[in-house]
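Below you'll find the structure, written out as structure tokens, and then a few comments.
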Amino acid sequence: MDSRVDAQKYRLAIGLLAARWQEFDELVRATALPRRSAEELLAELGDDLEREGSAVRLRPGVAEGYRGTASGPATASVADPAKVLARIERHLAEVPPPLPALDHVQATADTVLRRATWLDEHYDLGRARLVFVGDHDLTSLAVHELRPDADLAVVDVDDRVLAHVDRRGGGGILTVHADLRFGLPRAVAGRADVVFSDPPYTPEGMTLFAARAIECLADPPAGRVVLAYGYSARHPTLGRQTQRALLGLGLTFEAILPGFHRYHGAQAIGSAADLYVCHPTSRARKKSTPERAIYTHGPASVESAAGKAAEAARTALVELAGQGGRHVTTAGPDYSKPITAEHDTALALDLGEDPGPWLVRVLLAAGAARVAVLLPNAHPDLGDAASQSALKALLAPKYRLRLLRSTPDATHAVVLAERREDAGDSAAHAVWTRAHARLGNVWPQAPAELADLRLIDLPRHRIVDVLRLLD
């Protein structure tokens, strides 16, 4: 018997058996456990059961020992839910401002607590591993408030959110960076029993996040993917399109709870969304060719063409990369694997759609002596002198940077990175030039909590911490 995912049903079964005699048929009907699962439960209870005809119960002498199992989730013992809600409100009050380009719309504090309560009631969070695929709403912190013993992980593209979760969670939640369009970090792949996500509400965004959620599951048919999704009642075709896409991934809808979530914004869908409980089939699969345009706003939106750099800007980028007669190789922003180039060949990388976190990771992934990167002129790493100094310091173990604002035109900037030949003997250089390696392999003295992770997957604030430790 594995009650991590069907915890609510098993808790009810134990409670009934501890309270009184149960006919088998009544036990199945009361708990909604499949007959075979109920039989397996009774077999596992073994000699702790006593029988009278076709009725069963837990022996009075041992029933008390099962009271903890039957007592249910931590939320049942929360003395003052108002205090928990107040702590969640404080977490949300300090969360970084939503980024419209990433479809961030803040859920209400009541919704965040309701999510955490629902997850705790339906799954055994003392044993089930829970991964959050995106978490600007800080549902992970709400679960952590209710269940400090829960095994929680958050994967998000927004380094600001990951730093906030790390700080407010006291390091009790694993935080991992990823842009899901490029893949899922090893640290969370195959880790989870349950995955929660509130994705972008485009069909492309829902499909991508759900596919990555499936990849997070250790055993997809035994796990669950819990999603938030909303669409306007004026546009049911959009809802049908998204639901068909989720079904196409091999997900079934175990439950849909209407209007479960409420938001500060998203008025086009009534500031509300439903809770989808998805049960993967044995054919559940990842999406093999993810869309780059998955959001409803910004350069990476499904309706935008602004993410593609103008041809003139790309031509100028290649010319800058090739200064001195170097051959130039062009590449995209996928930093999930090393970006390589032949000897004495420069790299020209178009990051015109960078929402912010790509630049540092692309330079960590690049293997060329010279790299030229095209960016939006308003990129956050170029916005002021402090940001520019921090960027240069963070990449110093590997590259010397030149930051060319308003180049080659008023809407773009170029970062020129030249390999530092004077940093080859430093410990940081060895780690920074092998960003996709397990940290424990390239840094034998790595702290235990970092040893199994890769530099490329760390939130930016943790990369800064690693550099400080190595210095």
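Residue names in the structure tokens use chain letters A, B, ... in the order shown, residue numbers from 1 in each chain, and ligand numbers from 1 in the order shown.
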Inset, instruction - Output as JSON, numbers by chain all residues of segment 191-279 of chain A that backbone DSSP marks as alpha helix (DSSP H). - result: {"A": [203, 204, 205, 206, 207, 208, 209, 210, 211, 212, 213, 214, 215, 216, 236, 237, 238, 239, 240, 241, 242, 243, 244, 245, 246, 247, 248]}
Atom CA of Arg283 of chain A to atom CA of Gln241 of chain A measures 20.2 Å
The distance between atom CA of Asp151 of chain A and atom CA of Leu246 of chain A is 26.5 Å
Margin query: Quick one: residues within 8 Å of Phe24 of chain A, only C-alpha atoms, excluding same-chain residues fewer than 5 positions away - as a ChimeraX atom specification?
Written below: /A:54-56
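When only C-alpha atoms are used to compute distances to Arg434 of chain A, the closest of the residues A:Ala451, A:Ala366, A:His412, A:Ala273 turns out to be A:Ala366.
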Hey, which bits of segment 180-288 of chain A sit within 12 Å of segment 140-146 of chain A, and for each residue what's the closest pair of atoms and how far apart in Å (one decimal), counting only C-alpha atoms, rows by chain and increasing number, as a Markdown table?
| residue | atom | partner | partner_atom | distance |
| --- | --- | --- | --- | --- |
| A:Val195 | CA | A:Ser140 | CA | 11.0 |
| A:Phe196 | CA | A:Ser140 | CA | 9.3 |
| A:Ser197 | CA | A:Ser140 | CA | 10.5 |
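Nearest to Pro34 of chain A of all the residues A:Ala13, A:Leu184, A:Ala393, A:Cys216 is A:Ala13, counting only C-alpha atoms.
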Notebook entry, point to check: Near Ile88 of chain A, counting only C-alpha atoms, which residues have an atom at most 12 Å away, once you skip same-chain residues fewer than 6 positions from it, shown as a PyMOL selection string?
Noted result: chain A and resi 81-82+94-95+107-116+137-146+165+168-169
| field | Neighbour list for Phe182 of chain A as a PyMOL selection string, cut-off 7 Å, only C-alpha atoms, skip fewer than 2 positions in-chain | value | chain A and resi 179-180+334+336
Can I get the selection written as an mmCIF file, in the first residue's frame, with C-alpha atoms?
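Writing done, so here's part-v4.cif:
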data_model
loop_
_atom_site.group_PDB
_atom_site.id
_atom_site.type_symbol
_atom_site.label_atom_id
_atom_site.label_comp_id
_atom_site.auth_asym_id
_atom_site.auth_seq_id
_atom_site.Cartn_x
_atom_site.Cartn_y
_atom_site.Cartn_z
ATOM 1 C CA ASP A 179 13.395 28.202 -18.398
ATOM 2 C CA LEU A 180 11.094 25.293 -19.155
ATOM 3 C CA ASP A 334 19.283 27.350 -25.141
ATOM 4 C CA SER A 336 20.494 23.736 -20.970
#
